[in-house]
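Here is the file protein-v3.csv (CSV, C-alpha atoms and all ligand atoms).
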chain,number,residue,atom,x,y,z
A,29,MET,CA,-142.2,-101.9,-216.6
A,30,ASN,CA,-142.6,-105.4,-215.1
A,31,SER,CA,-145.9,-107.3,-215.0
A,32,ARG,CA,-146.3,-106.7,-211.3
A,33,SER,CA,-146.1,-103.0,-211.7
A,34,SER,CA,-148.5,-102.9,-214.6
A,35,ALA,CA,-151.0,-105.1,-212.7
A,36,LEU,CA,-150.7,-102.7,-209.7
A,37,ARG,CA,-151.2,-99.7,-212.0
A,38,GLU,CA,-154.3,-101.2,-213.5
A,39,GLU,CA,-155.7,-102.0,-210.1
A,40,ILE,CA,-155.0,-98.4,-208.9
A,41,LEU,CA,-156.7,-96.9,-212.0
A,42,ARG,CA,-159.7,-99.1,-211.5
A,43,LEU,CA,-160.1,-98.5,-207.8
A,44,LYS,CA,-159.5,-94.8,-208.2
A,45,LYS,CA,-162.4,-94.6,-210.7
A,46,GLU,CA,-164.7,-96.8,-208.7
A,47,LYS,CA,-164.2,-94.9,-205.5
A,48,ASN,CA,-163.9,-91.4,-206.9
A,49,ALA,CA,-160.4,-91.0,-205.4
A,50,LEU,CA,-157.8,-88.5,-206.2
A,51,ILE,CA,-154.1,-89.5,-206.0
A,52,MET,CA,-151.8,-86.6,-205.0
A,53,ALA,CA,-148.0,-86.9,-204.8
A,54,HIS,CA,-145.2,-84.6,-203.7
A,55,TYR,CA,-142.3,-84.0,-206.0
A,56,TYR,CA,-140.0,-86.1,-203.6
A,57,THR,CA,-141.9,-89.3,-204.1
A,58,ARG,CA,-140.6,-92.2,-206.2
A,59,ASP,CA,-140.9,-91.8,-210.0
A,60,GLU,CA,-143.5,-94.5,-210.3
A,61,ILE,CA,-145.7,-92.7,-207.8
A,62,GLN,CA,-145.4,-89.4,-209.6
A,63,GLU,CA,-146.3,-91.3,-212.8
A,64,ILE,CA,-149.6,-92.6,-211.5
A,65,ALA,CA,-150.6,-89.5,-209.5
A,66,ASP,CA,-153.5,-87.3,-210.7
A,67,PHE,CA,-151.7,-84.3,-209.3
A,68,ILE,CA,-148.2,-83.6,-208.3
A,69,GLY,CA,-146.9,-80.5,-206.6
A,70,ASP,CA,-145.1,-78.8,-203.7
A,71,SER,CA,-146.7,-78.7,-200.3
A,72,LEU,CA,-148.6,-75.4,-201.1
A,73,ALA,CA,-150.1,-76.8,-204.4
A,74,LEU,CA,-151.1,-80.0,-202.6
A,75,ALA,CA,-152.9,-78.0,-199.9
A,76,ARG,CA,-154.6,-75.9,-202.5
A,77,LYS,CA,-155.7,-78.9,-204.5
A,78,ALA,CA,-157.0,-80.7,-201.4
A,79,ALA,CA,-159.1,-77.6,-200.6
A,80,GLU,CA,-160.8,-77.6,-203.9
A,81,THR,CA,-161.2,-81.2,-204.9
A,82,ASP,CA,-164.6,-82.9,-205.2
A,83,ALA,CA,-163.2,-86.4,-204.9
A,84,ASP,CA,-164.6,-88.5,-202.0
A,85,ILE,CA,-161.2,-90.0,-201.1
A,86,ILE,CA,-157.8,-88.3,-201.2
A,87,VAL,CA,-154.7,-90.5,-201.3
A,88,MET,CA,-151.9,-88.3,-200.2
A,89,CYS,CA,-148.5,-89.7,-201.3
A,90,GLY,CA,-146.2,-87.6,-199.3
A,91,VAL,CA,-145.6,-87.5,-195.6
A,92,HIS,CA,-147.9,-87.5,-192.6
A,93,PHE,CA,-148.3,-83.7,-192.2
A,94,MET,CA,-149.4,-83.4,-195.8
A,95,GLY,CA,-152.2,-85.9,-195.1
A,96,GLU,CA,-153.1,-84.0,-191.9
A,97,THR,CA,-153.3,-80.7,-193.8
A,98,ALA,CA,-155.6,-82.2,-196.4
A,99,LYS,CA,-157.8,-83.7,-193.6
A,100,ILE,CA,-158.0,-80.4,-191.8
A,101,LEU,CA,-159.1,-78.7,-195.0
A,102,CYS,CA,-161.5,-81.4,-196.0
A,103,PRO,CA,-162.9,-83.0,-192.8
A,104,ASP,CA,-165.7,-84.7,-194.7
A,105,LYS,CA,-163.4,-86.5,-197.0
A,106,LYS,CA,-161.5,-89.7,-196.4
A,107,VAL,CA,-157.8,-88.9,-196.4
A,108,LEU,CA,-155.5,-91.9,-196.9
A,109,VAL,CA,-151.8,-92.1,-196.7
A,110,PRO,CA,-150.1,-95.1,-198.2
A,111,ASP,CA,-147.7,-95.5,-195.2
A,112,VAL,CA,-148.6,-94.0,-191.9
A,113,GLU,CA,-144.9,-94.2,-190.9
A,114,ALA,CA,-144.0,-91.6,-193.5
A,115,GLY,CA,-143.1,-88.8,-191.0
A,116,CYS,CA,-140.9,-85.8,-191.3
A,117,SER,CA,-137.7,-85.1,-189.3
A,118,LEU,CA,-138.5,-81.3,-189.5
A,119,ALA,CA,-142.0,-81.7,-188.2
A,120,ASP,CA,-140.5,-84.0,-185.5
A,121,SER,CA,-138.0,-81.3,-184.5
A,122,CYS,CA,-140.9,-79.3,-183.0
A,123,ASP,CA,-142.6,-80.8,-180.0
A,124,PRO,CA,-146.1,-79.3,-179.6
A,125,GLU,CA,-145.8,-78.8,-175.8
A,126,GLU,CA,-142.3,-77.2,-176.0
A,127,PHE,CA,-143.5,-75.0,-178.9
A,128,ALA,CA,-146.6,-74.0,-176.8
A,129,GLN,CA,-144.3,-73.0,-174.0
A,130,PHE,CA,-142.0,-71.0,-176.3
A,131,VAL,CA,-145.1,-69.1,-177.6
A,132,LYS,CA,-146.3,-68.5,-174.1
A,133,ASP,CA,-142.8,-67.2,-173.1
A,134,HIS,CA,-143.1,-64.6,-175.9
A,135,PRO,CA,-146.4,-62.7,-175.5
A,136,GLY,CA,-147.2,-60.2,-178.3
A,137,TYR,CA,-145.5,-62.2,-181.0
A,138,THR,CA,-147.3,-63.4,-184.2
A,139,VAL,CA,-146.6,-67.1,-184.6
A,140,ILE,CA,-145.8,-68.3,-188.0
A,141,SER,CA,-145.3,-72.0,-188.6
A,142,TYR,CA,-144.0,-73.8,-191.7
A,143,VAL,CA,-146.5,-76.3,-193.0
A,144,ASN,CA,-144.0,-79.1,-192.1
A,145,THR,CA,-145.5,-79.3,-188.6
A,146,SER,CA,-148.0,-81.5,-186.8
A,147,ALA,CA,-151.6,-80.4,-186.5
A,148,ALA,CA,-150.9,-79.8,-182.8
A,149,VAL,CA,-148.2,-77.2,-183.6
A,150,LYS,CA,-150.4,-75.6,-186.2
A,151,ALA,CA,-153.1,-75.2,-183.5
A,152,TYR,CA,-150.7,-72.8,-181.6
A,153,THR,CA,-150.0,-70.9,-184.9
A,154,ASP,CA,-151.4,-67.6,-186.3
A,155,ILE,CA,-150.4,-68.2,-189.9
A,156,VAL,CA,-149.0,-71.3,-191.6
A,157,VAL,CA,-146.6,-70.8,-194.5
A,158,THR,CA,-144.9,-73.0,-197.0
A,159,SER,CA,-141.5,-72.4,-198.6
A,160,GLY,CA,-143.5,-71.3,-201.7
A,161,ASN,CA,-145.3,-68.4,-200.0
A,162,ALA,CA,-143.4,-67.7,-196.8
A,163,ARG,CA,-141.7,-64.5,-198.1
A,164,LYS,CA,-144.9,-63.1,-199.6
A,165,ILE,CA,-146.9,-63.7,-196.5
A,166,ILE,CA,-144.2,-62.3,-194.1
A,167,ASP,CA,-143.8,-59.3,-196.4
A,168,SER,CA,-147.5,-58.6,-196.0
A,169,LEU,CA,-147.1,-58.0,-192.3
A,170,PRO,CA,-146.1,-54.7,-190.8
A,171,LEU,CA,-142.3,-54.3,-190.5
A,172,ASP,CA,-142.4,-53.8,-186.8
A,173,GLU,CA,-144.5,-56.9,-186.1
A,174,LYS,CA,-142.7,-59.3,-183.7
A,175,ILE,CA,-142.7,-62.8,-185.2
A,176,ILE,CA,-141.9,-66.3,-184.0
A,177,PHE,CA,-141.0,-68.5,-186.9
A,178,GLY,CA,-140.8,-72.3,-186.6
A,179,PRO,CA,-139.7,-74.9,-187.0
A,180,ASP,CA,-137.1,-74.6,-189.8
A,181,ARG,CA,-134.2,-72.4,-188.7
A,182,ASN,CA,-132.7,-72.4,-192.2
A,183,LEU,CA,-135.9,-71.2,-194.0
A,184,GLY,CA,-136.4,-68.7,-191.1
A,185,GLY,CA,-132.8,-67.5,-191.4
A,186,TYR,CA,-133.3,-67.1,-195.2
A,187,ILE,CA,-136.5,-65.1,-194.8
A,188,ASN,CA,-134.7,-62.9,-192.2
A,189,SER,CA,-131.8,-62.3,-194.5
A,190,VAL,CA,-134.0,-61.3,-197.6
A,191,THR,CA,-136.5,-59.2,-195.7
A,192,GLY,CA,-134.2,-57.6,-193.1
A,193,ARG,CA,-136.4,-58.9,-190.3
A,194,GLU,CA,-135.3,-60.4,-187.0
A,195,MET,CA,-137.9,-63.2,-186.5
A,196,LEU,CA,-137.3,-65.3,-183.5
A,197,LEU,CA,-136.4,-68.8,-184.9
A,198,TRP,CA,-137.2,-72.2,-183.5
A,199,PRO,CA,-134.1,-74.4,-183.9
A,200,GLY,CA,-135.5,-77.1,-186.1
A,201,ALA,CA,-134.2,-78.6,-189.3
A,202,CYS,CA,-134.7,-81.3,-191.9
A,203,HIS,CA,-132.1,-84.0,-191.8
A,204,VAL,CA,-132.0,-84.3,-195.6
A,205,HIS,CA,-131.5,-80.6,-196.4
A,206,ASP,CA,-129.2,-80.0,-193.4
A,207,ARG,CA,-126.6,-82.5,-194.7
A,208,PHE,CA,-125.8,-81.2,-198.1
A,209,SER,CA,-122.2,-80.4,-198.5
A,210,VAL,CA,-120.8,-77.1,-199.5
A,211,GLU,CA,-117.4,-78.7,-200.5
A,212,LYS,CA,-119.2,-81.2,-202.8
A,213,ILE,CA,-121.2,-78.4,-204.5
A,214,ILE,CA,-118.0,-76.4,-205.1
A,215,GLU,CA,-116.3,-79.5,-206.6
A,216,LEU,CA,-119.4,-80.0,-208.8
A,217,LYS,CA,-119.2,-76.4,-209.9
A,218,LYS,CA,-115.6,-76.8,-210.9
A,219,GLU,CA,-116.6,-79.8,-213.1
A,220,HIS,CA,-119.7,-78.0,-214.5
A,221,PRO,CA,-118.7,-74.3,-214.5
A,222,GLU,CA,-121.8,-73.3,-216.6
A,223,ALA,CA,-124.3,-75.1,-214.3
A,224,LYS,CA,-126.6,-73.0,-212.2
A,225,VAL,CA,-127.2,-74.0,-208.6
A,226,LEU,CA,-130.7,-74.5,-207.4
A,227,VAL,CA,-131.2,-74.6,-203.6
A,228,HIS,CA,-134.1,-75.3,-201.3
A,229,PRO,CA,-134.3,-72.8,-198.4
A,230,GLU,CA,-134.3,-75.7,-195.9
A,231,CYS,CA,-130.6,-76.0,-196.7
A,232,ARG,CA,-128.0,-74.3,-194.5
A,233,LYS,CA,-127.0,-70.6,-195.2
A,234,PRO,CA,-123.6,-71.3,-196.9
A,235,LEU,CA,-125.5,-73.4,-199.5
A,236,GLN,CA,-128.1,-70.6,-200.0
A,237,LEU,CA,-125.2,-68.2,-200.6
A,238,LEU,CA,-123.9,-70.5,-203.4
A,239,ALA,CA,-127.3,-70.5,-205.1
A,240,ASP,CA,-128.4,-68.9,-208.4
A,241,LYS,CA,-131.9,-69.6,-207.2
A,242,VAL,CA,-133.3,-70.3,-203.7
A,243,GLY,CA,-136.9,-71.6,-203.7
A,244,SER,CA,-139.5,-74.1,-203.0
A,245,THR,CA,-139.6,-77.3,-205.1
A,246,ALA,CA,-142.2,-75.6,-207.4
A,247,ALA,CA,-140.1,-72.4,-207.6
A,248,LEU,CA,-137.0,-74.3,-208.5
A,249,LEU,CA,-138.9,-76.2,-211.2
A,250,ASP,CA,-140.3,-73.0,-212.6
A,251,PHE,CA,-136.8,-71.4,-212.6
A,252,ALA,CA,-135.4,-74.3,-214.6
A,253,LEU,CA,-138.3,-74.2,-217.0
A,254,THR,CA,-137.9,-70.5,-217.9
A,255,ASP,CA,-134.1,-70.0,-217.4
A,256,SER,CA,-131.7,-70.2,-220.3
A,257,ALA,CA,-128.9,-72.4,-218.7
A,258,LYS,CA,-128.5,-75.9,-219.9
A,259,GLU,CA,-127.2,-77.5,-216.7
A,260,TYR,CA,-128.3,-77.3,-213.1
A,261,ILE,CA,-126.9,-78.6,-209.8
A,262,VAL,CA,-130.0,-79.5,-207.8
A,263,VAL,CA,-129.6,-79.1,-204.0
A,264,THR,CA,-132.8,-80.6,-202.6
A,265,GLU,CA,-134.3,-84.1,-202.3
A,266,SER,CA,-133.5,-86.0,-205.5
A,267,GLY,CA,-137.2,-87.0,-206.3
A,268,ILE,CA,-137.6,-83.5,-207.9
A,269,LEU,CA,-135.3,-84.6,-210.7
A,270,TYR,CA,-138.1,-86.7,-212.2
A,271,GLU,CA,-140.4,-83.7,-212.9
A,272,MET,CA,-137.4,-81.5,-213.9
A,273,ARG,CA,-136.3,-84.0,-216.5
A,274,ASN,CA,-139.9,-84.5,-217.6
A,275,LYS,CA,-140.5,-80.8,-218.0
A,276,CYS,CA,-137.1,-79.9,-219.4
A,277,PRO,CA,-135.9,-83.0,-221.3
A,278,GLU,CA,-133.2,-81.0,-223.2
A,279,LYS,CA,-131.5,-79.8,-219.9
A,280,THR,CA,-129.1,-81.7,-217.6
A,281,PHE,CA,-129.9,-81.9,-213.9
A,282,ILE,CA,-127.2,-83.0,-211.5
A,283,PRO,CA,-128.2,-84.2,-208.1
A,284,ALA,CA,-126.2,-82.6,-205.3
A,285,PRO,CA,-124.4,-85.1,-203.0
A,286,ALA,CA,-124.7,-84.9,-199.2
A,287,GLU,CA,-122.0,-84.7,-196.6
A,288,ASN,CA,-120.5,-88.2,-197.0
A,289,GLY,CA,-120.6,-88.0,-200.8
A,290,GLU,CA,-123.1,-90.8,-201.3
A,291,CYS,CA,-125.9,-89.7,-203.5
A,292,ARG,CA,-128.5,-91.7,-201.7
A,293,CYS,CA,-128.2,-89.3,-198.8
A,294,ASN,CA,-130.1,-86.7,-200.8
A,295,GLU,CA,-133.2,-88.9,-200.5
A,296,CYS,CA,-135.9,-88.5,-197.9
A,297,GLU,CA,-136.6,-92.0,-196.6
A,298,TYR,CA,-140.0,-91.0,-195.4
A,299,MET,CA,-141.1,-89.9,-198.9
A,300,LYS,CA,-139.7,-93.1,-200.4
A,301,LEU,CA,-142.0,-95.2,-198.2
A,302,ASN,CA,-144.7,-94.5,-200.7
A,303,THR,CA,-144.8,-97.4,-203.1
A,304,LEU,CA,-147.3,-98.7,-205.8
A,305,GLU,CA,-148.1,-101.7,-203.6
A,306,LYS,CA,-149.1,-99.4,-200.7
A,307,VAL,CA,-151.1,-97.0,-202.9
A,308,ALA,CA,-153.1,-100.0,-204.2
A,309,SER,CA,-153.6,-101.5,-200.8
A,310,ALA,CA,-154.7,-98.1,-199.4
A,311,LEU,CA,-157.3,-97.8,-202.1
A,312,ARG,CA,-158.4,-101.4,-201.6
A,313,ASP,CA,-158.8,-101.3,-197.8
A,314,GLU,CA,-159.4,-97.5,-197.4
A,315,GLN,CA,-156.6,-97.6,-194.8
A,316,PRO,CA,-154.5,-96.1,-193.3
A,317,GLU,CA,-156.8,-93.2,-192.8
A,318,ILE,CA,-155.7,-89.9,-191.3
A,319,LEU,CA,-157.9,-88.6,-188.5
A,320,VAL,CA,-157.3,-85.4,-186.6
A,321,ASP,CA,-158.8,-84.6,-183.2
A,322,THR,CA,-161.8,-82.2,-183.9
A,323,GLU,CA,-160.7,-79.5,-181.4
A,324,VAL,CA,-157.1,-79.6,-182.7
A,325,ALA,CA,-158.3,-79.6,-186.3
A,326,GLU,CA,-160.6,-76.6,-185.7
A,327,LYS,CA,-157.7,-74.6,-184.2
A,328,ALA,CA,-155.3,-75.7,-187.0
A,329,LEU,CA,-157.7,-74.8,-189.7
A,330,ARG,CA,-157.6,-71.0,-189.1
A,331,PRO,CA,-153.9,-70.5,-189.8
A,332,ILE,CA,-154.0,-72.8,-192.8
A,333,VAL,CA,-157.0,-70.8,-194.3
A,334,ARG,CA,-155.2,-67.6,-193.5
A,335,MET,CA,-152.2,-68.9,-195.5
A,336,LEU,CA,-154.4,-69.8,-198.5
A,337,GLU,CA,-156.0,-66.3,-198.4
A,338,LEU,CA,-152.8,-64.4,-198.0
A,339,SER,CA,-151.0,-66.3,-200.8
A,340,ARG,CA,-153.7,-66.0,-203.5
B,401,LIG,P1,-141.9,-77.8,-200.6
B,401,LIG,O1,-142.9,-76.9,-199.8
B,401,LIG,O2,-140.9,-77.0,-201.4
B,401,LIG,O3,-142.7,-78.8,-201.4
B,401,LIG,O4,-141.1,-78.6,-199.6
B,401,LIG,C1,-141.7,-79.6,-198.7
B,401,LIG,C2,-140.6,-80.3,-198.1
B,401,LIG,O5,-140.9,-81.3,-197.3
B,401,LIG,C3,-139.3,-79.9,-198.2
B,401,LIG,O6,-138.4,-80.8,-197.6
B,402,LIG,FE1,-139.5,-83.6,-194.0
B,402,LIG,FE2,-137.1,-83.2,-194.9
B,402,LIG,FE3,-138.5,-85.3,-195.8
B,402,LIG,FE4,-139.1,-82.7,-196.5
B,402,LIG,S1,-137.3,-83.8,-197.1
B,402,LIG,S2,-140.5,-84.4,-195.9
B,402,LIG,S3,-138.7,-81.7,-194.6
B,402,LIG,S4,-137.8,-85.0,-193.7
Could you write out this file's structure as structure tokens?
Ligand code: 13P
Ligand code: SF4
Amino acid sequence: MNSRSSALREEILRLKKEKNALIMAHYYTRDEIQEIADFIGDSLALARKAAETDADIIVMCGVHFMGETAKILCPDKKVLVPDVEAGCSLADSCDPEEFAQFVKDHPGYTVISYVNTSAAVKAYTDIVVTSGNARKIIDSLPLDEKIIFGPDRNLGGYINSVTGREMLLWPGACHVHDRFSVEKIIELKKEHPEAKVLVHPECRKPLQLLADKVGSTAALLDFALTDSAKEYIVVTESGILYEMRNKCPEKTFIPAPAENGECRCNECEYMKLNTLEKVASALRDEQPEILVDTEVAEKALRPIVRMLELSR
């Protein structure tokens, strides 16, 4: 660790104590962010932790919608994001007005939205889900319930295939998960025939079909922790490898390459906008702060709370 990094870490630690702040990080953030975080998790765990913390300030190292979800759950707390430009291509693939029209065009449908959406889309939603609880929540609904699922068509397609439902899917996708290459995974499997394949459900169906385990970031981690294989090909954003290697140092984790074969394409550039410098400056200046319009926040809160209740 260089002297700049250790000075930043010390400053973050001091400011965090002084201001009673909690630093949360998603598994896709840089290693050094996960190292200094008080709590790391998937989007479900981050939402749950935000709902129960007694910190005065939450520093959400992830992407914008994660900060928004925390703010909606804790309107009295100050929610900071290290870089306000940390968006999400999947959330961006669902324009609130177009989504509202789609919902209006399908009366009688229950609207389920993935947590990777703006607060404005959540406001048109009946139940929010994450990849960690989508199946459980959808399974809890009557089989004949008509459902709109947005915005991720790959996760929605996966839930349809494992539950036998025919949810109406919004055609959105994540640019990182959508570009993993089937051919490259097959090549890797030939090189590592014993390796098990771990796939996030935001990946396309042919990749899901190659998987030994399809699941959220936390579910993939749990699988690696309890499974007996020694090697895994990991088909999701490569930041997860940090925690996988931490939790299972005796196992080998191989990052899956994307379509053009360059490993860097398995990185989410939005998640990587979170840096130690920006965490320190967020704590110092208490900026950038996430604010959500009160009316939108009130409407978006209901489906998030429903998710937390249904996934207990
Ligand atoms: P998880 O809910 O598995 O953490 O995934 C969030 C995400 O952004 C996946 O791309
Ligand atoms: Fe959004 Fe994809 Fe990045 Fe996840 S990996 S935050 S879905 S852009």
Quote the spacing between CA of Lys174 in chain A and CA of Ser117 in chain A in Å to one decimal place. 26.9 Å
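Going from CA of Glu259 in chain A to CA of Val225 in chain A covers 8.8 Å.
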Report, as JSON, the axis-aligned box around all atoms of ligand LIG 402 (chain B) present in the file, extended by 5 Å on each side; give centre and edge lengths in Å to one decimal place.
{"center_x": -138.8, "center_y": -83.5, "center_z": -195.4, "size_x": 13.4, "size_y": 13.6, "size_z": 13.4}
Work out how far CA of Lys217 in chain A is from CA of His203 in chain A, in Å to one decimal. 23.5 Å
Enumerate, in order of chain and increasing residue number, the residues of range 221-305 of chain A with an atom no farther than 12 Å from range 160-167 of chain A, each with its shortest atom pair and distance in Å to one decimal, counting all atoms listed in the file, as a tab-separated table.
residue	atom	partner	partner_atom	distance
A:His228	CA	A:Gly160	CA	10.2
A:Pro229	CA	A:Gly160	CA	9.9
A:Glu230	CA	A:Gly160	CA	11.7
A:Val242	CA	A:Gly160	CA	10.4
A:Gly243	CA	A:Gly160	CA	6.9
A:Ser244	CA	A:Gly160	CA	5.1
A:Thr245	CA	A:Gly160	CA	7.9
A:Ala246	CA	A:Gly160	CA	7.3
A:Ala247	CA	A:Gly160	CA	6.9
A:Leu248	CA	A:Gly160	CA	9.9
A:Leu249	CA	A:Gly160	CA	11.6
A:Asp250	CA	A:Gly160	CA	11.5
Write as number ranges by chain the residues around ligand LIG 402 (chain B), taking 9 Å as the cut-off and counting only C-alpha atoms and all ligand atoms. A: 56, 90-94, 114-120, 144, 180, 201-206, 230, 264-265, 294-299
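Restricting the calculation to all atoms listed in the file, the smallest distance between Pro179 in chain A and any of A:Ile40, A:Met195, A:Ile261, A:Ile86 is found for A:Met195.
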Do a neighbour search on Ile140 in chain A at 9 Å with only C-alpha atoms, toss out local chain neighbours closer than 2 positions, and write the hits as a ChimeraX atom specification. /A:138,142,150,153-157,166,175-178,331
Select, from A:Leu171, A:Val139, A:Ala65, A:Leu72, the residue with the minimum atom-to-atom distance to ligand LIG 401 (chain B), counting only C-alpha atoms and all ligand atoms. A:Leu72
Counting all atoms listed in the file, find residues at most 12 Å from (-148.8, -80.9, -182.9) (file frame) and give them as number ranges by chain. A: 92-93, 96-97, 119-128, 141, 143-153, 179, 320-321, 324-325, 327-328
